[in-house]
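Let me begin by presenting the structure, written as structure tokens, before commenting on it.
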Amino acid sequence: MSTNVTIVSRRGFLENVFSAGALILGAQLPIPAEAAKVDSAAWNPSVYLGLEKDGSVIIVTHRSEMGTGIRSVLPMVLADELDADWSRVKIEQAIGDAKYGSQNTDGSCSIRDFLEAMHVAGATARTMLEAAAAKQWNVPASECKASNHQIVHSKSNRKAGFGELVALAAKQPKPDPKSLQFKSPDQYKYIGKNLPMIDSEDIVTGKGTFGMDAKVPGMVYASIERSPVFGGKVKKFDDAEARKTKGVLQVETLDAFKPPHVFQQLGGVAVIANNTWAAMQGRKKLKVDWEQSPHAAYESQAYKRSLQETARKPQKAVRIIGDVDKALASAAKTHEAEYYVPLLAHASMEPPASVAEFKDGKVTAWAATQNPQAVQEAVAGAMGLKKEDVTCHVTLLGGGFGRKSKPDYVVEAAMLSKKVGKPVKVVWSREEDIRFDYYHACAAMYMKAGLDAKGKPTSWLHRSVFPSIGTTFDHTARYAMDLEMGMGWNDLPYDIPNHRAENGPAENHVRIGWLRSVAHIYHAFAIHSFVDELAAAANRDRVEYLLDLIGPGRKLNIQPEGMKYWNNDQPQEKYPVDTARLRRVIELAAEKSGWGKKKNLGIAAHRSFLSYIAAVAEVEVENGKIRIPRITYAVDAGTTIHPDRVKSQFEGASVFGTSIALFGEITARDGKIVQSNYHDYKVARIHEAPIETQVHVIPSRELPAGVGEPGVPPIPPAIANALFAATGKRVRDLPIKSV
Amino acid sequence: MIKLKVNGVSRQFDGDPDMPLLWYLRDEISLTGTKFSCGMGLCGSCTVHVNGAATRACVTPMKSMEGKAVLTIEGLSAKGDHPVQKAWKTCAVAQCGYCQPGQIMQAAALLKQKPKPSDKDIDDAMQGNICRCGTYQRIRQAVKLAAGVKA
Ligand code: FES
Ligand code: FES
């Protein structure tokens with residue numbers, strides 16, 4: 001076994017990078033004494049920034065990198081506002097620490113929530129450097145300007161590098177954030193430009209360190225046998241054969257979680273070995289008897305029928321406008337339809353993996369995690385420690401898509417390390433990843449519309465029934481959470497006088513979690529398919545019909561029944577539901593896709609994560625196979641920073657949405673998940689993905705909104721609608737198995 | 001005792017002969033650029049070259065490696081400047097990056113066999129490599145750029 005340490009720890013970073021003499025913005029950094037002594041005092045805290053006397057600018061990046069580019073892009077904003085030379089910037093990944101604010105890289109909100117903080121940190125440091133130069137030269141601060149890593153006084157033609165000014169800058173008073181002067185957009189050097197991601201070189205040379213690659217001295221490897229039925233406990237087990245496997249060191253049990261499961265370990269039997277392969281081989285030789293679980297009767301077809309039956313009956317209203325029953329009764333015509341989206345798995349290319357070391361009552365973890373603070377909480381909770389006693393280093397993530405916000409696999413590693421007395425690496429196999437996921441909920445939806453003589457809805461009823469993510473936090477929960485209802489469902493933006501959204505109860509038998517764009521996936525599929533059906537019934541052009549349905553551009557006031565409108569936790573005054581923006585993306589997507597000139601197109605437009613997205617899919621069917629020559633997106637995500645990474649997120653979302661439309665389906669039999677790997681849980685490959693994804697971003701100075709997720713929801717309905725246009729076949733259940 | 005070469009360096013292995021090359025590379029000699037994802041030859045994340053041919057390391061047992069030469073992503077070029085690596089950077093292909101070493105090794109093997117691949121050649125050669133982030137459009141672009149064929 002190798003003892004190479006292949007990851008740079010935060011401790012190493014502090015000792016080596018924040019060397020003595022460094023000026024540290026943010027006095028509360030847990031820095032080693034020698035650095036802390038020197039400069040940690042008297043500087044305005046920005047936990048995101050440090051400057052060295054040699055002129056190095058160190059930016060702490062606190063969000064997790066799983067492919068959006070966020071770990072590069074937020075620092076670019078700070079560096080730009082500081083007017084730093086990007087080539088002299090060093091980036092360090094933050095450990096989990098509440099002082100950074102939320103680190104839960106989930107919900108497409110990193111730019112939305114931290115753009116301002118980056119500008120403030122950069123402008124604060126710049127202002128203090130300018131003040132230091134002014135003092136040194138005895139000139140007014142207003143005459144000193146930052147320019148590419150220097151402060152310049154042009155009247156006297158004097159210049160001083162950032163490094164030279166560090167000591168003096170540290171002593172300057174911290175400017176009032178309200179007094180800060182920010183760059184104007186025409187002064188930006190990095191914002192709006194397509195700088196390479198900081199990890200791109202490491203990735204193409206194989207040097208990028210993912211959770212799966214973490215290695216610390218003395219580490220052993222664990223593979224865990226878990227109950228095939230959710231909630232099953234170990235009755236007894238025989239590990240004789242497992243122990244005989246070459247390389248296997250020991251076998252340990254892990255207690256089952258106590259409901260609600262939240263982010264706890266599932267429990268089971270762990271085989272510890274001196275390499276991953278031996279651990280996996282040993283685990284396969286375990287013979288475990290499981291106690292009967294209450295979920296052993298879970299079967300997907302029967303479960304689907306029960307959700308559908310619930311959806312056919314009146315349920316709890318979660319938004320009421322006008323009187324749907326009366327309007328339906330007096331409608332010229334009605335139209336109804338049922339839609340279904342199955343359970344889905346995340347299937348990131350990197351299965352969950354983590355290293356943890358329990359030592360002297362403290363845990364240090366290295367994990368591919370979207371949420372290192374949740375690691376601290378979950379590990380501390382499981383082991384009776386204080387949150388501060390858990391240090392979580394964040395590696396690169398080989399995809400996350402919501403799964404890696406749940407740190408159960410880090411809890412496993414920490415608990416095992418305590419038992420084994422060594423650092424333990426827990427590696428999930430692909431099979432475990434597929435069988436023990438926090439699944440995207442399956443959902444049954446019932447829709448009914450009352451139509452006027454021209455086929456326009458005068459009433460709209462949408463029932464949605466699915467096991468809620470809330471069951472992760474309260475296993476007795478039967479109804480949806482506000483956030484699930486607020487995802488494209490109780491905030492329907494159409495101009496219909498009578499509207500009712502209803503939610504029926506659902507019991508749950510697996511772990512349910514967040515998957516890229518979450519409840520928008522099934523709501524968008526039902527709503528935009530249904531709109532297409534109504535337009536088809538009225539024999540009208542889809543784009544015209546949709547614009548008609550949305551009505552004039554206006555800002556809606558969404559008021560659901562008995563709850564707050566979620567709106568991504570943002571007030572509607574700040575982020576209104578603005579139908580003018582929705583109309584604009586529809587018009588743009590139509591124009592760019594050649595709408596009206598081709599027959600095989602389908603459209604869907606959806607607001608999610610505060611962004612407005614329209615997608616047009618073009619499909620071809622040959623020998624029963626669906627090919628997607630093109631997806632055309634129009635995107636209004638407000639202010640964006642890195643045009644190419646915005647584009648790449650939509651390119652990716654187009655493929656992710658295609659996988660949902662054509663392939664994704666997790667099923668259970670006798671309580672066990674049937675699928676196990678990429679042969680039976682298919683995701684789109686190069687020849688199945690859209691050949692071209694065009695992304696048209698509307699330039700905007702509106703507040704920043706989401707980018708990572710909003711591209712997903714419109715894709716499955718756009719593909720289904722295009723398929724109808726091309727073949728006359730209507731899809732109401734996903735995935736689209738045959739054509 | 002199995003003797004093999006990895007990135008030009010002679011190596012010996014006397015562990016479990018059934019251990020896949022993947023775990024030898026990753027756990028025994030710390031070449032973690034070769035990734036584990038499916039372990040069943042389904043996704044291409046673990047692609048390396050064995051005697052020049054693209055090979056799934058996760059389903060290649062060490063006992064079949066006697067006398068063979070392995071090239072991993074770490075050995076593809078001294079400075080990360082193989083034409084495929086350069087094209088990958090120019091096209092900013094990577095999102096999370098996890099699948100990309102496998103994609104790059106697969107693409108490098110393709111270009112050795114077919115220096116001027118058609119769209120179909122690219123689809124055929126690359127369809128064993130999954131990218132869950134969905135970077136396929138740029139993978140196709142980058143392969144063409146590396147090959148010097150028109151996009
Ligand atoms: S890990 Fe080898 S092909 Fe997937
Ligand atoms: S870049 Fe993330 S899996 Fe390919």
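In the structure tokens, chains take letters A, B, ... by order of appearance, with residues numbered from 1 within each chain and ligands from 1 in the order shown.
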Show me which residues are within 6 Å of ligand 1 counting only C-alpha atoms and all ligand atoms, and format the list as a list in words.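 Using only C-alpha atoms and all ligand atoms, I find these residues within 6 Å of ligand 1: Phe36, Ser37, Cys38, Gly39, Met40, Gly41, Leu42, Cys43, Gly44, Ser45, Cys46, Arg56, Ala57 and Cys58 of chain B.
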Set out as JSON lines a contact list for chain B and ligand 2 with a cut-off of 12 Å, giving each residue of chain B that qualifies its closest atom pair and distance in Å to one decimal, counting only C-alpha atoms and all ligand atoms, ordered by chain and rising residue number.
{"residue": "B:Lys35", "atom": "CA", "partner": "ligand 2", "partner_atom_place_in_ligand_line": "3 (S)", "distance": 10.7}
{"residue": "B:Phe36", "atom": "CA", "partner": "ligand 2", "partner_atom_place_in_ligand_line": "3 (S)", "distance": 11.7}
{"residue": "B:Ser37", "atom": "CA", "partner": "ligand 2", "partner_atom_place_in_ligand_line": "3 (S)", "distance": 9.8}
{"residue": "B:Cys43", "atom": "CA", "partner": "ligand 2", "partner_atom_place_in_ligand_line": "3 (S)", "distance": 10.0}
{"residue": "B:Gly44", "atom": "CA", "partner": "ligand 2", "partner_atom_place_in_ligand_line": "4 (Fe)", "distance": 10.6}
{"residue": "B:Ser45", "atom": "CA", "partner": "ligand 2", "partner_atom_place_in_ligand_line": "3 (S)", "distance": 8.6}
{"residue": "B:Trp88", "atom": "CA", "partner": "ligand 2", "partner_atom_place_in_ligand_line": "1 (S)", "distance": 11.2}
{"residue": "B:Ala92", "atom": "CA", "partner": "ligand 2", "partner_atom_place_in_ligand_line": "1 (S)", "distance": 10.3}
{"residue": "B:Val93", "atom": "CA", "partner": "ligand 2", "partner_atom_place_in_ligand_line": "1 (S)", "distance": 7.4}
{"residue": "B:Ala94", "atom": "CA", "partner": "ligand 2", "partner_atom_place_in_ligand_line": "1 (S)", "distance": 4.7}
{"residue": "B:Gln95", "atom": "CA", "partner": "ligand 2", "partner_atom_place_in_ligand_line": "1 (S)", "distance": 4.1}
{"residue": "B:Cys96", "atom": "CA", "partner": "ligand 2", "partner_atom_place_in_ligand_line": "2 (Fe)", "distance": 3.9}
{"residue": "B:Gly97", "atom": "CA", "partner": "ligand 2", "partner_atom_place_in_ligand_line": "1 (S)", "distance": 4.0}
{"residue": "B:Tyr98", "atom": "CA", "partner": "ligand 2", "partner_atom_place_in_ligand_line": "2 (Fe)", "distance": 5.1}
{"residue": "B:Cys99", "atom": "CA", "partner": "ligand 2", "partner_atom_place_in_ligand_line": "4 (Fe)", "distance": 4.3}
{"residue": "B:Gln100", "atom": "CA", "partner": "ligand 2", "partner_atom_place_in_ligand_line": "4 (Fe)", "distance": 5.7}
{"residue": "B:Pro101", "atom": "CA", "partner": "ligand 2", "partner_atom_place_in_ligand_line": "4 (Fe)", "distance": 9.2}
{"residue": "B:Gly102", "atom": "CA", "partner": "ligand 2", "partner_atom_place_in_ligand_line": "4 (Fe)", "distance": 9.2}
{"residue": "B:Gln103", "atom": "CA", "partner": "ligand 2", "partner_atom_place_in_ligand_line": "4 (Fe)", "distance": 8.2}
{"residue": "B:Ile104", "atom": "CA", "partner": "ligand 2", "partner_atom_place_in_ligand_line": "4 (Fe)", "distance": 10.8}
{"residue": "B:Asn129", "atom": "CA", "partner": "ligand 2", "partner_atom_place_in_ligand_line": "4 (Fe)", "distance": 8.9}
{"residue": "B:Ile130", "atom": "CA", "partner": "ligand 2", "partner_atom_place_in_ligand_line": "3 (S)", "distance": 6.9}
{"residue": "B:Cys131", "atom": "CA", "partner": "ligand 2", "partner_atom_place_in_ligand_line": "4 (Fe)", "distance": 3.7}
{"residue": "B:Arg132", "atom": "CA", "partner": "ligand 2", "partner_atom_place_in_ligand_line": "3 (S)", "distance": 4.4}
{"residue": "B:Cys133", "atom": "CA", "partner": "ligand 2", "partner_atom_place_in_ligand_line": "2 (Fe)", "distance": 4.2}
{"residue": "B:Gly134", "atom": "CA", "partner": "ligand 2", "partner_atom_place_in_ligand_line": "4 (Fe)", "distance": 6.3}
{"residue": "B:Thr135", "atom": "CA", "partner": "ligand 2", "partner_atom_place_in_ligand_line": "4 (Fe)", "distance": 6.1}
{"residue": "B:Tyr136", "atom": "CA", "partner": "ligand 2", "partner_atom_place_in_ligand_line": "4 (Fe)", "distance": 8.4}
{"residue": "B:Gln137", "atom": "CA", "partner": "ligand 2", "partner_atom_place_in_ligand_line": "4 (Fe)", "distance": 11.5}
{"residue": "B:Arg138", "atom": "CA", "partner": "ligand 2", "partner_atom_place_in_ligand_line": "1 (S)", "distance": 10.5}
{"residue": "B:Ile139", "atom": "CA", "partner": "ligand 2", "partner_atom_place_in_ligand_line": "4 (Fe)", "distance": 9.6}
Enumerate, as an mmCIF file with N, CA and C atoms, in the first residue's frame, the complete set of residues in segment 356-447 of chain A that a backbone-based DSSP assignment places in alpha helix (DSSP H).
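Saved file selection_8.cif follows:
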data_model
loop_
_atom_site.group_PDB
_atom_site.id
_atom_site.type_symbol
_atom_site.label_atom_id
_atom_site.label_comp_id
_atom_site.auth_asym_id
_atom_site.auth_seq_id
_atom_site.Cartn_x
_atom_site.Cartn_y
_atom_site.Cartn_z
ATOM 1 N N PRO A 372 -19.855 20.606 3.042
ATOM 2 C CA PRO A 372 -18.957 20.199 4.128
ATOM 3 C C PRO A 372 -19.498 20.536 5.521
ATOM 4 N N GLN A 373 -20.350 21.543 5.619
ATOM 5 C CA GLN A 373 -20.917 21.835 6.940
ATOM 6 C C GLN A 373 -21.919 20.753 7.349
ATOM 7 N N ALA A 374 -22.617 20.194 6.382
ATOM 8 C CA ALA A 374 -23.510 19.065 6.691
ATOM 9 C C ALA A 374 -22.685 17.849 7.110
ATOM 10 N N VAL A 375 -21.486 17.708 6.538
ATOM 11 C CA VAL A 375 -20.580 16.638 6.982
ATOM 12 C C VAL A 375 -20.263 16.839 8.456
ATOM 13 N N GLN A 376 -19.906 18.059 8.812
ATOM 14 C CA GLN A 376 -19.583 18.335 10.223
ATOM 15 C C GLN A 376 -20.759 17.955 11.129
ATOM 16 N N GLU A 377 -21.941 18.406 10.742
ATOM 17 C CA GLU A 377 -23.118 18.144 11.580
ATOM 18 C C GLU A 377 -23.447 16.661 11.661
ATOM 19 N N ALA A 378 -23.435 16.002 10.514
ATOM 20 C CA ALA A 378 -23.850 14.592 10.489
ATOM 21 C C ALA A 378 -22.844 13.710 11.219
ATOM 22 N N VAL A 379 -21.561 13.965 10.988
ATOM 23 C CA VAL A 379 -20.539 13.156 11.649
ATOM 24 C C VAL A 379 -20.569 13.429 13.153
ATOM 25 N N ALA A 380 -20.662 14.702 13.521
ATOM 26 C CA ALA A 380 -20.715 15.049 14.943
ATOM 27 C C ALA A 380 -21.932 14.387 15.587
ATOM 28 N N GLY A 381 -23.063 14.467 14.932
ATOM 29 C CA GLY A 381 -24.297 13.883 15.468
ATOM 30 C C GLY A 381 -24.181 12.374 15.647
ATOM 31 N N ALA A 382 -23.578 11.717 14.668
ATOM 32 C CA ALA A 382 -23.492 10.254 14.719
ATOM 33 C C ALA A 382 -22.509 9.786 15.790
ATOM 34 N N MET A 383 -21.517 10.622 16.092
ATOM 35 C CA MET A 383 -20.450 10.148 16.970
ATOM 36 C C MET A 383 -20.396 10.880 18.296
ATOM 37 N N ASP A 408 -24.013 10.823 4.169
ATOM 38 C CA ASP A 408 -24.063 9.511 4.842
ATOM 39 C C ASP A 408 -22.773 8.703 4.647
ATOM 40 N N TYR A 409 -22.155 8.835 3.480
ATOM 41 C CA TYR A 409 -20.948 8.047 3.199
ATOM 42 C C TYR A 409 -19.730 8.563 3.966
ATOM 43 N N VAL A 410 -19.783 9.819 4.402
ATOM 44 C CA VAL A 410 -18.701 10.334 5.243
ATOM 45 C C VAL A 410 -18.914 9.858 6.683
ATOM 46 N N VAL A 411 -20.167 9.806 7.089
ATOM 47 C CA VAL A 411 -20.493 9.267 8.415
ATOM 48 C C VAL A 411 -19.990 7.826 8.519
ATOM 49 N N GLU A 412 -20.216 7.058 7.473
ATOM 50 C CA GLU A 412 -19.740 5.662 7.462
ATOM 51 C C GLU A 412 -18.230 5.595 7.686
ATOM 52 N N ALA A 413 -17.509 6.427 6.946
ATOM 53 C CA ALA A 413 -16.044 6.393 7.047
ATOM 54 C C ALA A 413 -15.592 6.793 8.448
ATOM 55 N N ALA A 414 -16.225 7.794 9.017
ATOM 56 C CA ALA A 414 -15.835 8.273 10.352
ATOM 57 C C ALA A 414 -16.109 7.202 11.403
ATOM 58 N N MET A 415 -17.282 6.577 11.330
ATOM 59 C CA MET A 415 -17.626 5.550 12.318
ATOM 60 C C MET A 415 -16.671 4.357 12.213
ATOM 61 N N LEU A 416 -16.360 3.993 10.972
ATOM 62 C CA LEU A 416 -15.456 2.859 10.791
ATOM 63 C C LEU A 416 -14.049 3.197 11.262
ATOM 64 N N SER A 417 -13.617 4.411 11.041
ATOM 65 C CA SER A 417 -12.282 4.801 11.479
ATOM 66 C C SER A 417 -12.165 4.672 12.994
ATOM 67 N N LYS A 418 -13.224 5.027 13.677
ATOM 68 C CA LYS A 418 -13.197 4.901 15.143
ATOM 69 C C LYS A 418 -13.063 3.427 15.543
ATOM 70 N N LYS A 419 -13.764 2.568 14.829
ATOM 71 C CA LYS A 419 -13.704 1.135 15.161
ATOM 72 C C LYS A 419 -12.354 0.526 14.834
ATOM 73 N N VAL A 420 -11.757 0.997 13.730
ATOM 74 C CA VAL A 420 -10.548 0.364 13.217
ATOM 75 C C VAL A 420 -9.286 1.001 13.798
ATOM 76 N N ARG A 430 -20.580 1.193 -8.028
ATOM 77 C CA ARG A 430 -21.688 1.695 -8.839
ATOM 78 C C ARG A 430 -22.998 1.050 -8.417
ATOM 79 N N GLU A 431 -22.952 -0.243 -8.130
ATOM 80 C CA GLU A 431 -24.175 -0.958 -7.750
ATOM 81 C C GLU A 431 -24.770 -0.365 -6.475
ATOM 82 N N GLU A 432 -23.895 -0.065 -5.516
ATOM 83 C CA GLU A 432 -24.389 0.541 -4.278
ATOM 84 C C GLU A 432 -24.956 1.922 -4.554
ATOM 85 N N ASP A 433 -24.274 2.663 -5.405
ATOM 86 C CA ASP A 433 -24.742 4.009 -5.733
ATOM 87 C C ASP A 433 -26.158 3.960 -6.316
ATOM 88 N N ILE A 434 -26.405 3.012 -7.209
ATOM 89 C CA ILE A 434 -27.725 2.915 -7.843
ATOM 90 C C ILE A 434 -28.762 2.362 -6.859
ATOM 91 N N ARG A 435 -28.354 1.437 -6.000
ATOM 92 C CA ARG A 435 -29.340 0.765 -5.126
ATOM 93 C C ARG A 435 -29.632 1.482 -3.825
#
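Nearest residue to chain A among B:His49, B:Arg26, B:Lys150, B:Lys116 is B:Arg26, counting only C-alpha atoms.
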Can you work out which residues from chain A touch chain B at a cut-off of 8 Å (counting only C-alpha atoms) and hand them back as a PyMOL selection string? chain A and resi 1-2+4+65-69+196+200-201+203-208+210+212-213+246+275-277+347-351+396-399+429-431+648+651-656+677-679+683-687+689+691-693
Quick one: pull the distance between atom CA of Glu291 of chain A and atom CA of Ala668 of chain A, Å, one decimal. 18.3 Å
d(atom CA of Glu164 of chain A, atom CA of Thr61 of chain A) in Å: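 Between atom CA of Glu164 of chain A and atom CA of Thr61 of chain A the gap works out to 24.7 Å.
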Report, in Å to a single decimal, how far apart atom CA of Asp323 of chain A and atom CA of Lys454 of chain A are.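 Interatomic distance here is 20.3 Å.
Close contacts of segment 1-3 of chain B, defined as residues with an atom at most 9 Å away when counting only C-alpha atoms, with chain neighbours fewer than 3 positions off set aside, comprise Ser10, Arg11, Gln12, Phe13, Asp14, Gly15, Pro17, Met62, Lys63, Ser64, Met65, Glu66, Gly67 and Lys68 of chain B.
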Go ahead and save the picked residues with C-alpha atoms, as a compact mmCIF listing (two decimals), in the first residue's frame.
# COMPACT_ATOMS: atom_id res chain seq x y z
CA SER B 10 9.16 -1.44 -15.07
CA ARG B 11 6.98 -2.76 -12.26
CA GLN B 12 6.38 -6.01 -10.43
CA PHE B 13 3.21 -7.19 -8.80
CA ASP B 14 2.77 -10.17 -6.51
CA GLY B 15 -0.71 -9.50 -5.12
CA PRO B 17 -3.68 -12.10 -9.73
CA MET B 62 -3.44 -8.38 -13.38
CA LYS B 63 -2.77 -11.98 -14.36
CA SER B 64 -3.27 -10.97 -18.01
CA MET B 65 -0.70 -8.17 -17.75
CA GLU B 66 2.56 -10.13 -17.83
CA GLY B 67 4.97 -8.39 -20.17
CA LYS B 68 2.46 -5.75 -21.17
Selection near Met563 of chain A, 9 Å with only C-alpha atoms, sequence-local residues under 4 positions removed, as a ChimeraX atom specification: /A:318,482,559
Export, as a CSV table (one decimal), in the first residue's frame, the selected residues with all heavy atoms.
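Contents of selection_22.csv, freshly written:
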chain,number,residue,atom,x,y,z
A,318,VAL,N,-53.5,23.4,-2.7
A,318,VAL,CA,-52.4,24.2,-2.3
A,318,VAL,C,-52.3,25.5,-3.0
A,318,VAL,O,-51.4,26.3,-2.7
A,318,VAL,CB,-51.1,23.4,-2.5
A,318,VAL,CG1,-51.0,22.2,-1.5
A,318,VAL,CG2,-50.9,22.9,-3.9
A,482,ASP,N,-43.1,22.7,1.1
A,482,ASP,CA,-43.3,24.0,0.4
A,482,ASP,C,-42.4,24.1,-0.9
A,482,ASP,O,-42.9,24.6,-1.9
A,482,ASP,CB,-43.0,25.2,1.3
A,482,ASP,CG,-44.1,25.4,2.4
A,482,ASP,OD1,-45.0,24.5,2.5
A,482,ASP,OD2,-43.9,26.3,3.2
A,559,GLN,N,-49.8,33.4,-4.5
A,559,GLN,CA,-50.2,33.2,-3.1
A,559,GLN,C,-50.8,31.8,-2.9
A,559,GLN,O,-52.0,31.6,-3.1
A,559,GLN,CB,-51.3,34.3,-2.7
A,559,GLN,CG,-50.6,35.6,-2.5
A,559,GLN,CD,-51.7,36.6,-2.1
A,559,GLN,OE1,-52.7,36.8,-2.7
A,559,GLN,NE2,-51.4,37.3,-1.0
